[in-house]
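Engineer: Input target-v6.cif, format and content: mmCIF, C-alpha atoms and all ligand atoms.
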data_data
loop_
_atom_site.label_atom_id
_atom_site.label_comp_id
_atom_site.auth_asym_id
_atom_site.auth_seq_id
_atom_site.Cartn_x
_atom_site.Cartn_y
_atom_site.Cartn_z
CA MET A 28 32.06 -27.66 25.34
CA GLY A 29 28.29 -27.99 25.65
CA ILE A 30 25.73 -25.55 24.42
CA GLU A 31 24.04 -23.55 27.10
CA TYR A 32 20.82 -21.70 26.66
CA GLY A 33 19.34 -19.79 29.52
CA GLY A 34 17.32 -16.72 30.20
CA SER A 35 13.80 -15.91 29.25
CA GLY A 36 12.17 -16.82 25.97
CA VAL A 37 13.60 -20.37 25.72
CA SER A 38 10.93 -23.03 25.91
CA PRO A 39 11.36 -25.91 28.40
CA GLY A 40 13.07 -28.89 26.81
CA PHE A 41 14.68 -26.78 24.11
CA ALA A 42 18.28 -27.20 25.33
CA PRO A 43 18.22 -31.06 25.54
CA ARG A 44 16.68 -31.27 22.08
CA LEU A 45 19.38 -28.97 20.76
CA GLN A 46 22.17 -31.10 22.29
CA ASN A 47 20.93 -34.15 20.35
CA ALA A 48 20.27 -32.34 17.08
CA SER A 49 22.32 -32.63 13.90
CA ASP A 50 24.47 -29.68 12.87
CA GLU A 51 21.86 -28.57 10.35
CA GLU A 52 19.02 -28.80 12.83
CA ARG A 53 21.14 -26.97 15.37
CA LEU A 54 21.61 -24.12 12.96
CA LEU A 55 17.88 -23.92 12.28
CA GLU A 56 16.93 -24.11 15.94
CA GLY A 57 19.48 -21.42 16.61
CA GLY A 58 17.37 -18.86 14.76
CA VAL A 59 18.16 -19.31 11.07
CA VAL A 60 15.07 -18.73 8.96
CA VAL A 61 14.86 -20.17 5.47
CA THR A 62 12.60 -18.28 3.10
CA ARG A 63 12.50 -16.66 -0.33
CA LEU A 64 13.99 -13.20 -0.80
CA GLU A 65 10.85 -12.16 -2.68
CA ALA A 66 8.66 -13.14 0.27
CA VAL A 67 10.76 -11.15 2.74
CA VAL A 68 10.86 -8.07 0.53
CA ASN A 69 7.10 -8.23 -0.09
CA TRP A 70 6.49 -8.68 3.62
CA ALA A 71 8.47 -5.50 4.32
CA ARG A 72 6.75 -3.61 1.52
CA LYS A 73 3.23 -4.48 2.56
CA TYR A 74 3.77 -3.22 6.11
CA SER A 75 5.49 0.03 5.17
CA PHE A 76 3.27 1.97 2.78
CA PHE A 77 4.06 5.66 2.55
CA GLN A 78 0.96 7.39 1.27
CA TYR A 79 0.75 10.39 -0.98
CA PRO A 80 -2.75 11.78 -0.31
CA PHE A 81 -4.07 13.34 -3.53
CA VAL A 82 -7.16 14.81 -1.91
CA THR A 83 -9.49 16.91 -4.02
CA ALA A 84 -13.02 16.75 -2.63
CA CYS A 85 -15.41 15.65 0.10
CA CYS A 86 -13.96 12.14 0.42
CA GLY A 87 -11.06 13.95 2.10
CA MET A 88 -13.11 14.23 5.30
CA GLU A 89 -13.44 10.46 5.39
CA PHE A 90 -9.75 10.09 4.63
CA MET A 91 -8.96 12.25 7.67
CA SER A 92 -11.23 10.08 9.73
CA VAL A 93 -9.55 6.85 8.67
CA ALA A 94 -6.11 8.37 9.23
CA GLY A 95 -7.03 9.49 12.75
CA PRO A 96 -6.44 7.64 16.02
CA LYS A 97 -9.80 5.83 16.10
CA TYR A 98 -9.06 3.69 13.06
CA ASP A 99 -5.29 3.88 13.48
CA LEU A 100 -3.65 3.08 10.15
CA ASP A 101 -0.40 2.58 12.07
CA ARG A 102 -1.64 -0.95 12.73
CA PHE A 103 -1.14 -1.63 9.03
CA GLY A 104 2.12 0.25 8.73
CA ALA A 105 0.44 2.87 6.54
CA ALA A 106 0.07 5.86 8.81
CA LEU A 107 2.68 8.29 7.55
CA PRO A 108 1.59 10.54 4.69
CA ARG A 109 4.42 11.90 2.57
CA PHE A 110 3.79 15.05 0.59
CA SER A 111 6.65 14.46 -1.79
CA PRO A 112 5.93 11.92 -4.55
CA ARG A 113 9.53 10.78 -4.49
CA GLN A 114 9.17 9.66 -0.86
CA ALA A 115 5.81 7.94 -1.30
CA ASP A 116 4.83 4.58 -2.73
CA LEU A 117 1.04 4.57 -2.29
CA LEU A 118 -0.92 7.15 -4.25
CA MET A 119 -4.25 7.68 -2.48
CA VAL A 120 -6.55 9.39 -4.96
CA VAL A 121 -9.30 10.77 -2.78
CA GLY A 122 -12.18 12.57 -4.45
CA THR A 123 -13.31 13.86 -7.82
CA ILE A 124 -10.67 14.36 -10.50
CA SER A 125 -11.45 16.94 -13.15
CA HIS A 126 -9.83 16.94 -16.58
CA LYS A 127 -7.98 20.07 -15.52
CA GLN A 128 -6.44 18.17 -12.59
CA ALA A 129 -5.63 15.06 -14.64
CA PRO A 130 -2.18 16.18 -15.85
CA ILE A 131 -1.17 16.95 -12.27
CA LEU A 132 -2.26 13.50 -11.10
CA VAL A 133 -0.31 11.85 -13.90
CA LYS A 134 2.74 13.97 -13.13
CA VAL A 135 2.63 13.02 -9.44
CA TYR A 136 2.28 9.33 -10.38
CA ASN A 137 5.23 9.50 -12.75
CA GLN A 138 7.39 11.21 -10.13
CA MET A 139 6.86 8.45 -7.59
CA THR A 140 9.61 5.85 -7.45
CA GLU A 141 8.80 2.21 -8.09
CA PRO A 142 7.42 -0.01 -6.74
CA LYS A 143 4.29 2.08 -6.27
CA TRP A 144 0.61 1.39 -5.93
CA VAL A 145 -2.57 3.37 -6.56
CA PHE A 146 -5.66 3.40 -4.37
CA ALA A 147 -8.94 4.74 -5.83
CA PHE A 148 -10.74 6.14 -2.80
CA GLY A 149 -14.48 6.69 -3.29
CA ALA A 150 -16.95 6.53 -6.16
CA CYS A 151 -15.62 9.65 -7.88
CA ALA A 152 -12.06 8.30 -8.11
CA VAL A 153 -13.35 4.85 -9.11
CA SER A 154 -15.74 5.91 -11.87
CA GLY A 155 -16.45 9.64 -11.77
CA GLY A 156 -19.33 8.96 -9.36
CA PHE A 157 -22.49 10.81 -10.16
CA TYR A 158 -20.54 13.52 -12.03
CA ASP A 159 -21.29 12.15 -15.47
CA ASN A 160 -20.33 15.37 -17.20
CA TYR A 161 -17.80 16.98 -19.53
CA SER A 162 -15.41 18.16 -16.81
CA THR A 163 -14.92 15.02 -14.70
CA VAL A 164 -12.55 12.13 -15.35
CA GLN A 165 -14.70 8.99 -15.49
CA GLY A 166 -12.43 6.92 -13.28
CA ILE A 167 -8.73 7.45 -12.55
CA ASP A 168 -7.88 4.15 -14.24
CA THR A 169 -8.21 6.05 -17.51
CA LEU A 170 -5.06 7.91 -16.38
CA VAL A 171 -2.95 5.67 -14.14
CA PRO A 172 -2.97 1.95 -13.28
CA VAL A 173 -5.15 1.30 -10.22
CA ASP A 174 -4.48 -1.49 -7.71
CA VAL A 175 -7.46 -1.15 -5.40
CA TYR A 176 -10.92 0.28 -5.97
CA VAL A 177 -12.92 1.29 -2.91
CA PRO A 178 -16.40 2.52 -3.88
CA GLY A 179 -18.80 4.46 -1.68
CA CYS A 180 -19.82 8.10 -1.46
CA PRO A 181 -17.82 8.42 0.69
CA PRO A 182 -16.52 4.96 1.66
CA ARG A 183 -16.70 4.08 5.34
CA PRO A 184 -13.33 3.84 7.11
CA GLU A 185 -13.89 0.09 7.47
CA MET A 186 -14.13 -0.17 3.68
CA VAL A 187 -10.90 1.75 3.30
CA ILE A 188 -9.15 -0.52 5.77
CA ASP A 189 -10.53 -3.55 3.92
CA GLY A 190 -9.11 -2.10 0.68
CA LEU A 191 -5.76 -1.59 2.37
CA ILE A 192 -5.70 -5.20 3.56
CA LYS A 193 -6.55 -6.36 0.03
CA LEU A 194 -3.67 -4.27 -1.27
CA GLN A 195 -1.37 -5.89 1.28
CA GLN A 196 -2.51 -9.31 0.07
CA LYS A 197 -1.80 -8.27 -3.50
CA VAL A 198 1.67 -6.96 -2.63
CA ALA A 199 2.47 -10.22 -0.82
CA LYS A 200 1.97 -12.14 -4.09
CA GLU A 201 3.97 -9.83 -6.34
CA LYS A 202 7.11 -10.89 -8.15
CA PHE A 203 10.26 -8.87 -8.71
CA SER A 204 9.55 -9.17 -12.42
CA ASP A 205 6.30 -7.17 -11.95
CA TRP A 206 8.45 -4.02 -11.61
CA PRO A 207 9.10 -1.51 -13.02
CA ARG A 208 5.71 -0.69 -14.49
CA GLY A 209 6.96 2.43 -16.23
CA ALA A 210 5.25 5.74 -16.78
CA ALA A 211 1.48 6.17 -16.80
CA PRO A 212 0.08 4.98 -20.11
CA VAL A 213 -1.53 8.35 -20.93
CA THR A 214 -0.33 11.88 -21.39
CA PRO A 215 -3.26 14.22 -20.89
CA ALA A 216 -3.27 16.83 -23.62
CA CYS A 217 -3.86 19.73 -21.24
CA LYS A 218 -0.64 21.57 -20.28
CA LEU A 219 0.19 22.36 -16.64
S1 LIG B 301 -17.44 9.88 -3.83
FE1 LIG B 301 -18.98 11.21 -2.86
S2 LIG B 301 -17.96 11.93 -1.00
FE2 LIG B 301 -16.36 11.16 -2.37
S3 LIG B 301 -15.64 12.93 -3.52
FE3 LIG B 301 -17.24 11.93 -4.73
S4 LIG B 301 -19.11 13.03 -4.18
FE4 LIG B 301 -17.60 13.49 -2.59
#
As structure tokens - that is how I would like this structure written.
Structural biologist:
Amino acid sequence: MGIEYGGSGVSPGFAPRLQNASDEERLLEGGVVVTRLEAVVNWARKYSFFQYPFVTACCGMEFMSVAGPKYDLDRFGAALPRFSPRQADLLMVVGTISHKQAPILVKVYNQMTEPKWVFAFGACAVSGGFYDNYSTVQGIDTLVPVDVYVPGCPPRPEMVIDGLIKLQQKVAKEKFSDWPRGAAPVTPACKL
């Protein structure tokens, strides 16, 4: 019994080539894809970020802009914010973090399931910005591990999208052995 391929989507000349192919080639031409499990999992992860927006200050306006229809984060698979840390894997830290807020940020990070990534959105999250004072955390990387830093006061939506693409590139190169990272390396002294 011959192999018949018809219908749309089959390129001309495909069926004759398939008739003459070896069993192995026939399997491959029939839609079997050979790849690494790690590559497939990373591919799925990088196009399905669920953000937890930790929004504290004026950068939040820019975050709303980038999340809106004009810039359309759906194109990157990162449109759906989740307001439960256990259902999110991308912590977007948007705005100034005070020492009083630090324990809450660490708690939210620790409650997120792994794998999880952290995005420092704006100069204040990256380094404290121009708030070089006693009450402001001088960069969220003193509290939690940060994967992407996007400076700017506030950053333009294009910069945020560029940071997101860089995060996708980073996720694509990760190994299973990179996880779990464990709890945040600090425990802020202040009690909730
Ligand atoms: S970086 Fe600028 S816009 Fe963003 S929270 Fe700080 S002061 Fe506000």
Engineer: Find the distance between atom CA of Pro207 of chain A and atom CA of Arg113 of chain A and write it in Å to one decimal.
Structural biologist: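 Here the two named atoms are 15.0 Å from each other.
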Engineer: Which residues are near ligand LIG 301 (chain B) - at most 12 Å, using all atoms listed in the file? Format: as a PyMOL selection string.
Structural biologist: chain A and resi 81-90+120-125+147-159+163-166+176-183
Engineer: Taking 4 positions as the minimum chain separation for residues in the same chain, which residues sit within 7 Å of segment 168-171 of chain A when counting all atoms listed in the file? Answer as a list in words.
Structural biologist: Val133, Ala211, Pro212 and Val213 of chain A
Engineer: What would the list of residues within 10 Å of (-3.5, 3.4, -0.8) (file frame) look like as a PyMOL selection string, if all atoms listed in the file are what count?
Structural biologist: chain A and resi 76-80+105+116-121+143-148+173-177+187-188+190-192+194-195
Engineer: Atom CA of Leu132 of chain A and atom CA of Ala71 of chain A are how many Å apart?
Structural biologist: 26.7 Å
Engineer: Taking only C-alpha atoms into account, name the residue in A:Tyr161, A:Tyr98, A:Trp206, A:Phe103 that is nearest to Thr140 of chain A.
Structural biologist: A:Trp206
Engineer: Return the single residue from A:Pro142, A:Ile167, A:Arg63, A:Tyr136 that is closest to Asp205 of chain A, with distances computed using only C-alpha atoms.
Structural biologist: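 So, comparing all the options, the nearest one is A:Pro142.
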Engineer: Taking all listed atoms of segment 60-78 of chain A, build the axis-aligned box, pad each of the six sides by 5 Å, then write its centre and edge lengths in Å to one decimal as lines of an AutoDock Vina configuration file.
Structural biologist:
center_x = 8.0
center_y = -6.4
center_z = 3.1
size_x = 24.1
size_y = 37.6
size_z = 21.6
Engineer: Report the distance between atom CA of Val68 of chain A and atom CA of Arg208 of chain A in Å, rounded to one decimal place.
Structural biologist: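 So the two atoms, atom CA of Val68 of chain A and atom CA of Arg208 of chain A, lie 17.5 Å apart.
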Engineer: Pick the closest to Ala210 of chain A from A:Lys97, A:Arg109, A:Lys134, A:Arg72: which is it, counting only C-alpha atoms?
Structural biologist: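 Ranking A:Lys97, A:Arg109, A:Lys134, A:Arg72 by distance to Ala210 of chain A, first place goes to A:Lys134.
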Engineer: Could you check the closest approach to Glu185 of chain A for each of A:Ser75, A:Asp99, A:Gly58, A:Glu65 and tell me which residue wins, using all atoms listed in the file?
Structural biologist: A:Asp99
Engineer: Give the answer as one residue: which of A:Ala199, A:Val135, A:Met186, A:Leu64 has the shortest atom-to-atom distance to Ser111 of chain A, using all atoms listed in the file?
Structural biologist: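 Under the stated criterion, the closest residue is A:Val135.
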